[in-house]
>>> print(open('query-v1.txt').read())   # compact mmCIF, C-alpha atoms
# COMPACT_ATOMS: atom_id res chain seq x y z
CA MET A 170 -14.17 19.52 -20.42
CA GLY A 171 -17.53 20.37 -21.98
CA ASP A 172 -18.69 16.88 -21.08
CA VAL A 173 -17.72 17.38 -17.46
CA VAL A 174 -19.62 20.66 -17.22
CA LYS A 175 -22.68 19.10 -18.84
CA TYR A 176 -22.45 16.09 -16.53
CA LEU A 177 -22.23 18.32 -13.47
CA SER A 178 -25.07 20.63 -14.55
CA ASP A 179 -27.66 18.04 -13.51
CA ALA A 180 -28.77 18.53 -9.89
CA GLY A 181 -29.57 14.82 -9.46
CA THR A 182 -26.04 13.89 -10.52
CA ARG A 183 -24.58 16.38 -8.06
CA ALA A 184 -26.62 14.90 -5.23
CA ALA A 185 -25.50 11.40 -6.22
CA LEU A 186 -21.88 12.58 -6.26
CA TRP A 187 -22.26 13.90 -2.71
CA SER A 188 -23.63 10.65 -1.39
CA MET A 189 -20.85 8.66 -3.13
CA LEU A 190 -18.26 11.01 -1.65
CA LEU A 191 -19.74 10.59 1.84
CA ASP A 192 -19.83 6.79 1.41
CA HIS A 193 -16.22 6.91 0.32
CA VAL A 194 -15.22 8.99 3.34
CA TRP A 195 -16.65 6.64 5.93
CA LEU A 196 -15.68 3.46 4.08
CA SER A 197 -12.05 4.58 4.03
CA LEU A 198 -11.72 6.45 7.34
CA LEU A 199 -13.64 4.16 9.71
CA PRO A 200 -11.13 1.32 9.11
CA LEU A 201 -8.32 3.81 9.68
CA VAL A 202 -9.63 4.78 13.13
CA ILE A 203 -10.23 1.16 14.17
CA SER A 204 -6.77 0.18 12.91
CA VAL A 205 -4.97 2.86 14.90
CA VAL A 206 -6.52 1.51 18.10
CA LEU A 207 -5.82 -2.12 17.14
CA ALA A 208 -2.25 -1.39 16.06
CA VAL A 209 -1.46 0.47 19.29
CA VAL A 210 -2.83 -2.41 21.38
CA LEU A 211 -0.98 -5.04 19.31
CA GLY A 212 2.15 -2.88 19.33
CA LEU A 213 1.98 -2.60 23.12
CA VAL A 214 1.61 -6.38 23.46
CA CYS A 215 4.61 -6.94 21.15
CA HIS A 216 6.60 -4.31 23.01
CA ARG A 217 5.97 -6.01 26.37
CA TYR A 218 6.45 -9.56 25.09
CA ARG A 219 9.28 -9.25 22.58
CA ARG A 220 9.04 -12.91 21.62
CA LEU A 221 5.79 -12.12 19.77
CA ASN A 222 7.56 -9.58 17.52
CA GLY A 223 8.63 -11.98 14.79
CA PHE A 224 5.24 -13.67 14.69
CA VAL A 225 3.19 -10.47 14.42
CA VAL A 226 5.49 -8.83 11.86
CA GLY A 227 5.51 -12.03 9.78
CA LEU A 228 1.73 -12.29 9.96
CA SER A 229 1.31 -8.68 8.87
CA ASN A 230 3.56 -9.33 5.86
CA VAL A 231 1.44 -12.32 4.85
CA VAL A 232 -1.78 -10.31 5.21
CA TYR A 233 -0.40 -7.76 2.79
CA THR A 234 -0.01 -10.38 0.06
CA ILE A 235 -3.78 -11.02 -0.08
CA PRO A 236 -5.27 -9.03 -2.96
CA SER A 237 -7.94 -6.53 -1.92
CA LEU A 238 -10.51 -7.86 -4.37
CA ALA A 239 -9.93 -11.35 -2.96
CA LEU A 240 -10.24 -10.19 0.63
CA PHE A 241 -13.46 -8.31 -0.15
CA ALA A 242 -14.68 -11.66 -1.46
CA ILE A 243 -13.36 -14.11 1.13
CA ILE A 244 -14.56 -12.18 4.19
CA PRO A 245 -18.27 -12.78 3.48
CA ALA A 246 -17.44 -16.47 2.97
CA VAL A 247 -15.78 -16.64 6.38
CA ILE A 248 -18.05 -14.47 8.54
CA GLY A 249 -21.24 -15.13 6.61
CA THR A 250 -22.24 -11.61 5.56
CA GLN A 251 -23.81 -10.76 2.20
CA VAL A 252 -21.30 -10.09 -0.61
CA LEU A 253 -22.60 -6.54 -1.07
CA ASN A 254 -22.46 -5.68 2.63
CA PRO A 255 -20.18 -2.66 3.20
CA VAL A 256 -19.00 -4.32 6.43
CA ASN A 257 -16.80 -6.54 4.22
CA VAL A 258 -14.94 -3.55 2.81
CA VAL A 259 -14.54 -1.94 6.23
CA LEU A 260 -13.25 -5.20 7.71
CA ALA A 261 -10.86 -5.85 4.80
CA LEU A 262 -9.38 -2.36 4.98
CA THR A 263 -9.11 -2.62 8.77
CA ILE A 264 -7.07 -5.79 8.36
CA TYR A 265 -4.78 -4.15 5.78
CA THR A 266 -4.28 -0.94 7.71
CA THR A 267 -3.61 -2.74 10.99
CA ALA A 268 -1.01 -4.88 9.22
CA LEU A 269 0.54 -1.70 7.83
CA LEU A 270 0.64 0.09 11.21
CA VAL A 271 1.70 -2.63 13.67
CA ARG A 272 5.33 -2.74 12.60
CA PRO A 273 6.08 1.01 12.82
CA VAL A 274 4.29 1.17 16.20
CA VAL A 275 6.43 -1.65 17.61
CA GLU A 276 9.59 -0.08 16.22
CA ALA A 277 8.66 3.34 17.58
CA LEU A 278 7.92 1.94 21.05
CA ASN A 279 11.18 0.01 21.06
CA ALA A 280 13.04 3.15 19.99
CA VAL A 281 11.94 5.23 22.98
CA PRO A 282 15.28 5.86 24.75
CA ALA A 283 15.74 3.80 27.91
CA HIS A 284 16.76 6.84 29.95
CA VAL A 285 13.43 8.52 29.17
CA THR A 286 11.37 5.59 30.44
CA ALA A 287 13.73 5.23 33.39
CA ALA A 288 13.23 8.91 34.25
CA ALA A 289 9.45 8.51 34.07
CA THR A 290 9.62 5.47 36.35
CA ALA A 291 11.84 7.37 38.77
CA MET A 292 9.27 10.18 38.86
CA GLY A 293 6.77 7.62 40.12
CA PHE A 294 4.84 6.91 36.89
CA ARG A 295 3.06 3.56 36.95
CA PRO A 296 3.51 1.45 33.78
CA TRP A 297 0.06 2.37 32.38
CA ARG A 298 0.47 6.07 32.95
CA ARG A 299 4.01 5.93 31.62
CA PHE A 300 2.77 4.24 28.48
CA LEU A 301 -0.07 6.70 27.88
CA THR A 302 1.80 9.91 28.75
CA VAL A 303 5.40 9.16 27.74
CA GLU A 304 5.93 6.24 25.39
CA LEU A 305 2.79 6.59 23.25
CA PRO A 306 3.15 10.35 22.62
CA LEU A 307 6.81 9.84 21.71
CA SER A 308 5.83 7.32 19.04
CA VAL A 309 3.19 9.63 17.52
CA PRO A 310 5.43 10.95 14.70
CA VAL A 311 6.15 7.41 13.45
CA LEU A 312 2.51 6.40 13.92
CA ALA A 313 1.38 9.52 12.05
CA ALA A 314 3.63 8.70 9.10
CA GLY A 315 2.05 5.24 8.93
CA VAL A 316 -1.47 6.62 9.26
CA ARG A 317 -0.85 9.02 6.35
CA VAL A 318 0.19 6.16 4.07
CA GLY A 319 -2.76 4.12 5.33
CA SER A 320 -5.29 6.87 4.65
CA VAL A 321 -4.05 7.43 1.10
CA SER A 322 -4.03 3.73 0.25
CA ASN A 323 -7.46 3.15 1.85
CA ILE A 324 -8.97 6.01 -0.12
CA SER A 325 -7.61 4.53 -3.33
CA LEU A 326 -8.55 0.93 -2.38
CA VAL A 327 -12.19 1.69 -1.59
CA SER A 328 -12.74 2.33 -5.31
CA VAL A 329 -11.90 -1.32 -6.02
CA GLY A 330 -14.94 -2.18 -3.91
CA ALA A 331 -17.08 -0.82 -6.76
CA LEU A 332 -16.25 -4.00 -8.69
CA ILE A 333 -18.24 -5.98 -6.13
CA GLY A 334 -20.87 -3.26 -5.89
CA THR A 335 -20.21 -1.49 -2.58
CA GLY A 336 -20.73 2.27 -3.08
CA GLY A 337 -18.15 5.00 -2.95
CA LEU A 338 -16.53 6.99 -5.74
CA GLY A 339 -15.48 3.78 -7.48
CA THR A 340 -19.06 3.51 -8.73
CA LEU A 341 -18.24 6.42 -11.06
CA PHE A 342 -15.54 4.32 -12.72
CA THR A 343 -17.75 1.29 -13.30
CA ASP A 344 -20.68 3.47 -14.47
CA GLY A 345 -18.46 5.50 -16.79
CA PHE A 346 -16.87 2.38 -18.20
CA ARG A 347 -20.20 0.69 -18.81
CA GLN A 348 -21.59 3.75 -20.63
CA ARG A 349 -18.29 4.53 -22.41
CA TYR A 350 -18.50 8.00 -20.86
CA LEU A 351 -15.31 9.76 -19.69
CA ALA A 352 -16.80 12.57 -17.60
CA PRO A 353 -17.77 10.52 -14.50
CA ILE A 354 -14.44 8.68 -14.55
CA ALA A 355 -12.51 11.96 -14.70
CA ILE A 356 -14.62 13.43 -11.89
CA GLY A 357 -14.12 10.28 -9.83
CA ILE A 358 -10.34 10.47 -10.18
CA VAL A 359 -10.27 14.19 -9.30
CA LEU A 360 -12.55 13.73 -6.28
CA THR A 361 -10.49 10.78 -5.00
CA LEU A 362 -7.28 12.81 -5.28
CA ALA A 363 -8.90 15.81 -3.60
CA LEU A 364 -10.24 13.66 -0.76
CA ALA A 365 -6.81 12.09 -0.22
CA LEU A 366 -5.19 15.53 -0.16
CA VAL A 367 -7.69 17.02 2.30
CA VAL A 368 -7.45 14.04 4.66
CA ASP A 369 -3.66 14.16 4.49
CA LEU A 370 -3.60 17.87 5.38
CA LEU A 371 -5.97 17.21 8.30
CA LEU A 372 -3.74 14.38 9.53
CA VAL A 373 -0.64 16.60 9.39
CA GLY A 374 -2.54 19.28 11.33
CA LEU A 375 -3.64 16.72 13.90
CA ARG A 376 -0.10 15.41 14.30
CA ASN A 377 1.27 18.93 14.85
CA LEU A 378 -1.47 19.57 17.38
CA VAL A 379 -0.64 16.51 19.50
CA THR A 380 3.16 16.86 19.25
CA PRO A 381 3.75 20.51 20.20
CA TRP A 382 7.29 19.66 21.38
CA ALA A 383 8.34 18.83 17.80
CA ARG A 384 7.72 22.42 16.75
CA ALA A 385 9.34 23.83 19.89
CA GLY A 386 12.42 21.75 19.13
CA ARG A 387 12.65 23.10 15.61
CA ALA A 388 12.31 26.76 16.58
CA MET B 92 -18.77 -24.86 2.31
CA ILE B 93 -17.32 -22.20 0.13
CA PHE B 94 -13.71 -23.31 0.48
CA ALA B 95 -14.67 -26.82 -0.58
CA ASP B 96 -16.28 -25.32 -3.70
CA ALA B 97 -13.08 -23.36 -4.30
CA PHE B 98 -10.98 -26.53 -4.16
CA ALA B 99 -13.41 -28.27 -6.46
CA TRP B 100 -13.02 -25.43 -8.95
CA LEU B 101 -9.22 -25.44 -8.60
CA LEU B 102 -9.03 -29.21 -9.12
CA ASP B 103 -11.50 -29.36 -12.02
CA ALA B 104 -9.51 -30.60 -15.03
CA ALA B 105 -11.64 -28.49 -17.38
CA ASN B 106 -10.13 -25.36 -15.83
CA TRP B 107 -6.60 -26.44 -16.66
CA THR B 108 -6.79 -26.71 -20.47
CA GLY B 109 -7.65 -24.35 -23.32
CA SER B 110 -7.12 -20.65 -24.00
CA ARG B 111 -9.06 -19.51 -20.93
CA SER B 112 -7.45 -21.96 -18.52
CA ILE B 113 -5.75 -21.27 -15.21
CA PRO B 114 -2.17 -21.63 -16.56
CA VAL B 115 -2.83 -19.14 -19.37
CA ARG B 116 -4.29 -16.62 -16.95
CA VAL B 117 -1.40 -17.07 -14.53
CA GLY B 118 0.94 -16.42 -17.48
CA VAL B 119 -0.89 -13.26 -18.58
CA HIS B 120 -1.07 -12.07 -14.98
CA LEU B 121 2.67 -12.62 -14.52
CA LEU B 122 3.50 -10.91 -17.82
CA TYR B 123 1.65 -7.73 -16.88
CA CYS B 124 3.17 -7.72 -13.39
CA LEU B 125 6.68 -8.21 -14.74
CA GLY B 126 6.23 -5.47 -17.33
CA ALA B 127 4.80 -3.07 -14.77
CA VAL B 128 7.47 -3.64 -12.11
CA LEU B 129 10.31 -3.42 -14.66
CA GLY B 130 8.81 -0.28 -16.21
CA ALA B 131 8.31 1.32 -12.82
CA ALA B 132 11.84 0.38 -11.72
CA ALA B 133 13.26 1.94 -14.89
CA ILE B 134 11.61 5.23 -13.90
CA ALA B 135 11.79 5.14 -10.11
CA VAL B 136 15.26 3.71 -9.38
CA PRO B 137 17.28 6.33 -11.31
CA LEU B 138 15.05 9.11 -9.99
CA GLY B 139 15.31 7.91 -6.38
CA LEU B 140 19.09 7.45 -6.65
CA TYR B 141 19.53 10.90 -8.21
CA VAL B 142 17.44 12.73 -5.61
CA GLY B 143 18.95 10.73 -2.75
CA HIS B 144 22.51 11.32 -3.99
CA THR B 145 22.20 15.04 -4.72
CA GLY B 146 19.71 15.76 -1.95
CA ARG B 147 17.84 18.07 -4.31
CA GLY B 148 14.06 17.89 -4.71
CA GLY B 149 13.43 15.52 -1.81
CA VAL B 150 10.27 17.29 -0.66
CA LEU B 151 8.89 17.42 -4.19
CA LEU B 152 9.67 13.72 -4.67
CA VAL B 153 7.94 12.60 -1.47
CA GLY B 154 4.90 14.81 -2.13
CA GLY B 155 4.65 13.70 -5.75
CA SER B 156 4.88 10.01 -4.96
CA ASN B 157 2.25 10.34 -2.24
CA ALA B 158 -0.07 11.98 -4.76
CA LEU B 159 0.58 9.06 -7.14
CA ARG B 160 -0.40 6.63 -4.37
CA ALA B 161 -3.78 8.32 -4.15
CA LEU B 162 -4.56 7.77 -7.86
CA PRO B 163 -7.19 5.01 -7.96
CA THR B 164 -5.97 2.26 -10.28
CA LEU B 165 -9.47 1.27 -11.36
CA GLY B 166 -10.21 4.88 -12.36
CA LEU B 167 -6.94 5.23 -14.23
CA VAL B 168 -7.39 1.92 -16.07
CA THR B 169 -10.98 2.65 -17.17
CA PHE B 170 -10.03 6.23 -18.13
CA LEU B 171 -7.08 5.12 -20.26
CA TYR B 172 -9.17 2.34 -21.78
CA LEU B 173 -11.73 4.83 -23.05
CA VAL B 174 -9.08 7.33 -24.19
CA ALA B 175 -6.82 4.80 -25.92
CA GLY B 176 -9.65 2.57 -27.14
CA GLY B 177 -8.02 -0.59 -25.76
CA GLY B 178 -7.11 -2.21 -22.50
CA GLN B 179 -3.50 -3.34 -22.73
CA VAL B 180 -1.60 -0.04 -22.67
CA GLY B 181 -3.99 1.44 -20.12
CA VAL B 182 -3.59 -1.49 -17.74
CA LEU B 183 0.18 -1.41 -18.06
CA ILE B 184 0.31 2.35 -17.37
CA GLY B 185 -2.08 1.97 -14.44
CA LEU B 186 0.09 -0.76 -12.90
CA VAL B 187 3.31 1.21 -13.50
CA VAL B 188 1.79 4.21 -11.71
CA LEU B 189 0.91 1.86 -8.84
CA ALA B 190 4.43 0.43 -8.62
CA VAL B 191 6.42 3.68 -8.89
CA PRO B 192 5.79 5.11 -5.36
CA PRO B 193 7.03 2.11 -3.31
CA ILE B 194 10.13 1.66 -5.49
CA LEU B 195 10.84 5.39 -5.40
CA ALA B 196 10.46 5.43 -1.62
CA GLY B 197 12.80 2.42 -1.29
CA ALA B 198 15.51 3.89 -3.52
CA TYR B 199 15.34 7.36 -1.99
CA ALA B 200 15.13 6.23 1.64
CA GLY B 201 17.89 3.69 0.98
CA ILE B 202 20.34 6.37 -0.18
CA GLN B 203 19.17 8.83 2.49
CA ASP B 204 19.70 6.31 5.28
CA VAL B 205 23.32 5.59 4.37
CA ASP B 206 25.47 6.65 7.31
CA ARG B 207 26.81 10.15 6.52
CA GLY B 208 30.11 9.16 8.11
CA VAL B 209 30.53 6.40 5.54
CA VAL B 210 29.86 8.79 2.66
CA ASP B 211 32.26 11.35 4.12
CA ALA B 212 34.92 8.68 4.47
CA ALA B 213 34.45 7.78 0.79
CA ARG B 214 34.81 11.44 -0.12
CA GLY B 215 37.90 11.69 2.07
CA MET B 216 39.41 8.75 0.19
CA GLY B 217 39.11 10.85 -2.95
CA MET B 218 36.13 9.08 -4.55
CA THR B 219 34.25 11.12 -7.14
CA GLY B 220 30.50 11.63 -6.91
CA ALA B 221 29.80 8.79 -9.31
CA GLN B 222 32.17 6.42 -7.49
CA ARG B 223 30.51 7.23 -4.19
CA LEU B 224 27.08 6.55 -5.68
CA TRP B 225 27.94 3.23 -7.34
CA ARG B 226 30.43 1.78 -4.88
CA VAL B 227 29.23 3.10 -1.51
CA GLU B 228 25.70 4.49 -1.52
CA LEU B 229 24.02 2.02 -3.88
CA PRO B 230 25.27 -1.19 -2.16
CA ASN B 231 24.31 0.30 1.22
CA ALA B 232 20.87 1.23 -0.12
CA LEU B 233 20.15 -2.26 -1.49
CA PRO B 234 18.19 -3.64 1.50
CA LEU B 235 15.64 -0.83 1.36
CA LEU B 236 15.62 -0.79 -2.45
CA VAL B 237 14.84 -4.52 -2.58
CA GLY B 238 12.18 -3.92 0.09
CA GLY B 239 10.60 -1.30 -2.16
CA LEU B 240 10.62 -3.70 -5.11
CA ARG B 241 8.92 -6.37 -2.98
CA ASN B 242 6.21 -3.95 -1.87
CA ALA B 243 5.65 -2.85 -5.44
CA THR B 244 5.40 -6.45 -6.67
CA LEU B 245 2.87 -7.38 -3.98
CA GLN B 246 0.65 -4.45 -4.87
CA VAL B 247 0.92 -5.03 -8.61
CA VAL B 248 0.12 -8.76 -8.36
CA ALA B 249 -2.92 -8.00 -6.22
CA THR B 250 -4.14 -5.17 -8.42
CA ALA B 251 -3.58 -6.82 -11.81
CA SER B 252 -6.86 -8.63 -11.05
CA VAL B 253 -8.60 -5.33 -11.78
CA ALA B 254 -7.39 -5.61 -15.40
CA ALA B 255 -9.99 -8.30 -15.99
CA TYR B 256 -12.62 -5.59 -15.75
CA VAL B 257 -11.46 -4.11 -19.06
CA GLY B 258 -11.32 -7.52 -20.70
CA ILE B 259 -7.79 -8.78 -20.09
CA GLU B 260 -7.47 -12.46 -19.18
CA THR B 261 -5.68 -12.08 -15.86
CA LEU B 262 -6.50 -13.99 -12.68
CA GLY B 263 -9.11 -11.34 -11.97
CA ARG B 264 -11.34 -13.04 -14.57
CA PRO B 265 -12.52 -15.91 -12.33
CA LEU B 266 -13.13 -13.34 -9.56
CA LEU B 267 -15.38 -11.17 -11.72
CA ASP B 268 -17.04 -14.10 -13.53
CA GLY B 269 -17.67 -15.88 -10.25
CA LEU B 270 -19.25 -12.75 -8.83
CA ARG B 271 -21.47 -12.19 -11.87
CA VAL B 272 -22.96 -15.69 -11.84
CA LEU B 273 -22.67 -16.04 -8.04
CA ASP B 274 -20.34 -19.04 -8.38
CA TYR B 275 -18.42 -18.64 -5.13
CA GLY B 276 -16.16 -21.62 -5.77
CA GLN B 277 -14.71 -19.90 -8.83
CA PHE B 278 -14.63 -16.57 -7.00
CA VAL B 279 -12.70 -17.78 -3.96
CA GLY B 280 -10.58 -20.14 -6.10
CA GLY B 281 -9.40 -17.17 -8.17
CA ALA B 282 -8.67 -15.19 -5.02
CA VAL B 283 -6.62 -18.05 -3.59
CA LEU B 284 -4.60 -18.25 -6.83
CA VAL B 285 -3.78 -14.52 -6.74
CA ALA B 286 -2.72 -14.71 -3.11
CA LEU B 287 -0.56 -17.78 -3.82
CA LEU B 288 1.09 -16.03 -6.75
CA ALA B 289 1.85 -13.02 -4.56
CA VAL B 290 3.39 -15.16 -1.82
CA VAL B 291 5.52 -17.13 -4.32
CA LEU B 292 6.82 -13.96 -6.00
CA ASP B 293 7.57 -12.39 -2.61
CA VAL B 294 9.61 -15.43 -1.57
CA VAL B 295 11.49 -15.36 -4.90
CA LEU B 296 12.32 -11.68 -4.47
CA ALA B 297 13.40 -12.27 -0.87
CA LEU B 298 15.85 -14.89 -2.16
CA VAL B 299 17.08 -12.53 -4.89
CA GLY B 300 17.58 -9.94 -2.15
CA LYS B 301 19.70 -12.42 -0.17
CA LEU B 302 21.87 -12.96 -3.26
CA VAL B 303 22.43 -9.32 -4.23
CA ILE B 304 22.72 -7.66 -0.82
CA PRO B 305 26.37 -7.68 0.30
CA ARG B 306 27.01 -10.00 3.23
CA GLY B 307 28.50 -7.37 5.51
CA LEU B 308 25.34 -5.31 5.21
CA ARG B 309 23.07 -8.19 6.10
CA LEU B 310 24.99 -8.81 9.29
CA SER B 311 24.94 -5.19 10.38
CA ALA B 312 21.48 -4.39 9.06
CA ARG B 313 19.55 -5.56 12.09
CA PRO B 314 20.75 -3.28 14.91
CA ARG B 315 20.98 -0.28 12.59
CA ARG B 316 17.37 -0.37 11.39
CA ARG B 317 15.51 1.47 14.08
CA ALA B 318 12.69 3.94 13.83
CA LYS B 319 13.83 7.50 14.24
CA ALA B 320 12.88 8.55 17.73
CA PRO B 321 11.97 12.18 18.29
CA ARG B 322 14.50 14.13 20.32
CA VAL B 323 13.30 15.10 23.75
CA GLY B 324 14.18 18.24 25.67
>>> encode(input="query-v1.txt", output="structure tokens")
Amino acid sequence: MGDVVKYLSDAGTRAALWSMLLDHVWLSLLPLVISVVLAVVLGLVCHRYRRLNGFVVGLSNVVYTIPSLALFAIIPAVIGTQVLNPVNVVLALTIYTTALLVRPVVEALNAVPAHVTAAATAMGFRPWRRFLTVELPLSVPVLAAGVRVGSVSNISLVSVGALIGTGGLGTLFTDGFRQRYLAPIAIGIVLTLALALVVDLLLVGLRNLVTPWARAGRA
Amino acid sequence: MIFADAFAWLLDAANWTGSRSIPVRVGVHLLYCLGAVLGAAAIAVPLGLYVGHTGRGGVLLVGGSNALRALPTLGLVTFLYLVAGGGQVGVLIGLVVLAVPPILAGAYAGIQDVDRGVVDAARGMGMTGAQRLWRVELPNALPLLVGGLRNATLQVVATASVAAYVGIETLGRPLLDGLRVLDYGQFVGGAVLVALLAVVLDVVLALVGKLVIPRGLRLSARPRRRAKAPRVG
């Protein structure tokens, strides 16, 4: 504990911690936002053309078998970026999170009761409007559950990026290990957990905000 | 071409003999993964079955396992290395912590998802709590439980590479060495090996799942597994 206090007493260290935390936030949340959009588009395509279902779900399973460290490494080889470029981490996490989200989105869209879509059609909704105002909102709870898992696992995966030298809180682990110094490692773990918790609470709040009917149903 | 370099590294005979060869590292990698998944299953399966069966502590269980998911493995492994003064126990604990949440989720969701009517019928037939758990709920929960084990194995195989950072000869070694000396062939070769290992283990577990999951369940599993749609109106 004394070590932690001493470590934190230095203003330069505190500034460095802030910048690592900010790096960590955008490295983990940017892929999440991109993935939600990608997964909804892919999910829509699979929902319209059911024959693609097996292929997309199978592909997403295969993607999940690729180790994160390996993906961080192979991406620069394929797209020709520098190894230390943060784009690699963002792209790798986008691929993972999209793979994680596609399946629940497809299942949620397929689970929208037929009489609900039929009613919307009967009310004169065109397919696009029906999708945006009926089917997509109804699949938000399932999507939100997937996004929560995705955010937690992204926040924990970004630290692995420190092994190949892309910033974020993981740098505290490699620095602490190299100097045989526990304080930064402990602070890194606590900050990662706190970040995951805060993001999760925000996501739950967001979900409740966009699905007011869920609360009305419970009351 | 980086992939050509990777194949050259993979096919180099010098990498296939000695104490730091590919087979040895695959063995060490597998050993840690096996230990971690078994250890995690020993903790998570009974806990998931208990909470699912009694219905007590579900909220606590889900919250707790989500918090575990957020623990960064690299941080945990380096922390335990410095505390314990060695890598092996720390790596094993780090990997167990990684594997517990998916197995727990599989076991708990598996029991939870068993049709209440089926459980009631078992109760009506006079089965005791233990009989219901072992003969009705557990077999019905197997598809999701096996799914949880597969998820856990995938994550552990991928993450065991991190162990190389604290000096354990897993398949992460060529990744880190290749990065340090900018030998991309070795780097990508190591990555390919880890991915291959993960795919092979996943296929093996899928086959095990086919063997242990009762046939009747496999036939009926497909139409029953739907996402829960929110109720409207």
>>> residues_around(input="query-v1.txt", residues="Arg217 (chain A)", least_positions_apart="3", cutoff="12 Å", atoms="only C-alpha atoms", output="VMD selection string")
chain A and resid 210 to 214 220 to 222 275 278 to 279 296 to 297 300
>>> write_last_selection(input="query-v1.txt", atoms="C-alpha atoms", output="compact mmCIF listing (two decimals), in the coordinates of the input")
# COMPACT_ATOMS: atom_id res chain seq x y z
CA VAL A 210 -2.83 -2.41 21.38
CA LEU A 211 -0.98 -5.04 19.31
CA GLY A 212 2.15 -2.88 19.33
CA LEU A 213 1.98 -2.60 23.12
CA VAL A 214 1.61 -6.38 23.46
CA ARG A 220 9.04 -12.91 21.62
CA LEU A 221 5.79 -12.12 19.77
CA ASN A 222 7.56 -9.58 17.52
CA VAL A 275 6.43 -1.65 17.61
CA LEU A 278 7.92 1.94 21.05
CA ASN A 279 11.18 0.01 21.06
CA PRO A 296 3.51 1.45 33.78
CA TRP A 297 0.06 2.37 32.38
CA PHE A 300 2.77 4.24 28.48
>>> interface_residues(input="query-v1.txt", of="chain A", to="chain B", cutoff="9 Å", atoms="all atoms listed in the file", output="VMD selection string")
chain A and resid 231 233 to 240 242 to 243 246 to 247 252 273 276 to 282 285 307 to 308 310 to 311 318 321 to 329 332 to 333 339 341 to 343 345 to 346 349 to 351 354 to 355 357 to 359 361 to 362 365 to 366 382 to 383 386
>>> residues_around(input="query-v1.txt", residues="region 111-121 of chain B", least_positions_apart="5", cutoff="6 Å", atoms="all atoms listed in the file", output="PyMOL selection string")
chain B and resi 106+260-262
>>> write_last_selection(input="query-v1.txt", atoms="C-alpha atoms", output="tab-separated table (two decimals), in the coordinates of the input")
chain	number	residue	atom	x	y	z
B	106	ASN	CA	-10.13	-25.36	-15.83
B	260	GLU	CA	-7.47	-12.46	-19.18
B	261	THR	CA	-5.68	-12.08	-15.86
B	262	LEU	CA	-6.50	-13.99	-12.68
>>> atom_distance(input="query-v1.txt", atom1="CA of Leu302 (chain B)", atom2="CA of Leu240 (chain B)")
14.7 Å
>>> residues_around(input="query-v1.txt", residues="Asp103 (chain B)", least_positions_apart="2", cutoff="12 Å", atoms="all atoms listed in the file", output="list of chain:residue names")
B:Asp96, B:Ala97, B:Phe98, B:Ala99, B:Trp100, B:Leu101, B:Ala105, B:Asn106, B:Trp107, B:Thr108, B:Ser112, B:Ile113, B:Gly276, B:Gln277, B:Gly280
>>> closest_residue(input="query-v1.txt", among="B:Leu125, B:Ala221, B:Ala196, B:Leu186", to="Thr145 (chain B)", atoms="all atoms listed in the file")
B:Ala221
>>> atom_distance(input="query-v1.txt", atom1="CA of Val232 (chain A)", atom2="CA of Gly319 (chain A)")
14.5 Å
>>> atom_distance(input="query-v1.txt", atom1="CA of Val226 (chain A)", atom2="CA of Ile202 (chain B)")
24.4 Å
>>> closest_residue(input="query-v1.txt", among="A:Val225, A:Asn230, A:Ser197, A:Arg219", to="Val256 (chain A)", atoms="all atoms listed in the file")
A:Ser197
>>> axis_aligned_box(input="query-v1.txt", around="region 188-193 of chain B", padding_each_side="5 Å", output="AutoDock Vina command-line options")
--center_x 4.0 --center_y 2.8 --center_z -7.5 --size_x 16.1 --size_y 14.7 --size_z 18.4
>>> closest_residue(input="query-v1.txt", among="B:Gly178, B:Gly220, B:Gly239, B:Pro192", to="Gly155 (chain B)", atoms="all atoms listed in the file")
B:Pro192
>>> closest_residue(input="query-v1.txt", among="A:Leu338, A:Ala331, A:Val309, A:Leu262", to="Ser188 (chain A)", atoms="only C-alpha atoms")
A:Leu338
>>> closest_residue(input="query-v1.txt", among="A:Val258, A:Pro306, A:Gly334, A:Val205", to="Leu378 (chain A)", atoms="all atoms listed in the file")
A:Pro306
>>> decode(input="query-v1.txt", residues="region 251-272 of chain A", atoms="C-alpha atoms", output="mmCIF file, in the first residue's frame")
data_model
loop_
_atom_site.group_PDB
_atom_site.id
_atom_site.type_symbol
_atom_site.label_atom_id
_atom_site.label_comp_id
_atom_site.auth_asym_id
_atom_site.auth_seq_id
_atom_site.Cartn_x
_atom_site.Cartn_y
_atom_site.Cartn_z
ATOM 1 C CA GLN A 251 3.776 -0.775 -38.809
ATOM 2 C CA VAL A 252 3.766 -3.345 -35.978
ATOM 3 C CA LEU A 253 3.410 -0.606 -33.351
ATOM 4 C CA ASN A 254 0.538 1.138 -35.120
ATOM 5 C CA PRO A 255 -2.529 1.286 -32.831
ATOM 6 C CA VAL A 256 -4.704 0.704 -35.916
ATOM 7 C CA ASN A 257 -3.709 -2.980 -35.637
ATOM 8 C CA VAL A 258 -5.193 -3.285 -32.164
ATOM 9 C CA VAL A 259 -8.360 -1.427 -33.146
ATOM 10 C CA LEU A 260 -8.795 -3.614 -36.227
ATOM 11 C CA ALA A 261 -8.112 -6.852 -34.313
ATOM 12 C CA LEU A 262 -10.610 -5.996 -31.589
ATOM 13 C CA THR A 263 -13.163 -4.923 -34.207
ATOM 14 C CA ILE A 264 -12.861 -8.342 -35.835
ATOM 15 C CA TYR A 265 -13.284 -10.129 -32.484
ATOM 16 C CA THR A 266 -16.198 -8.034 -31.310
ATOM 17 C CA THR A 267 -18.032 -8.296 -34.631
ATOM 18 C CA ALA A 268 -17.608 -12.072 -34.509
ATOM 19 C CA LEU A 269 -18.999 -12.029 -30.971
ATOM 20 C CA LEU A 270 -22.021 -9.863 -31.854
ATOM 21 C CA VAL A 271 -23.177 -11.223 -35.229
ATOM 22 C CA ARG A 272 -24.708 -14.399 -33.883
#
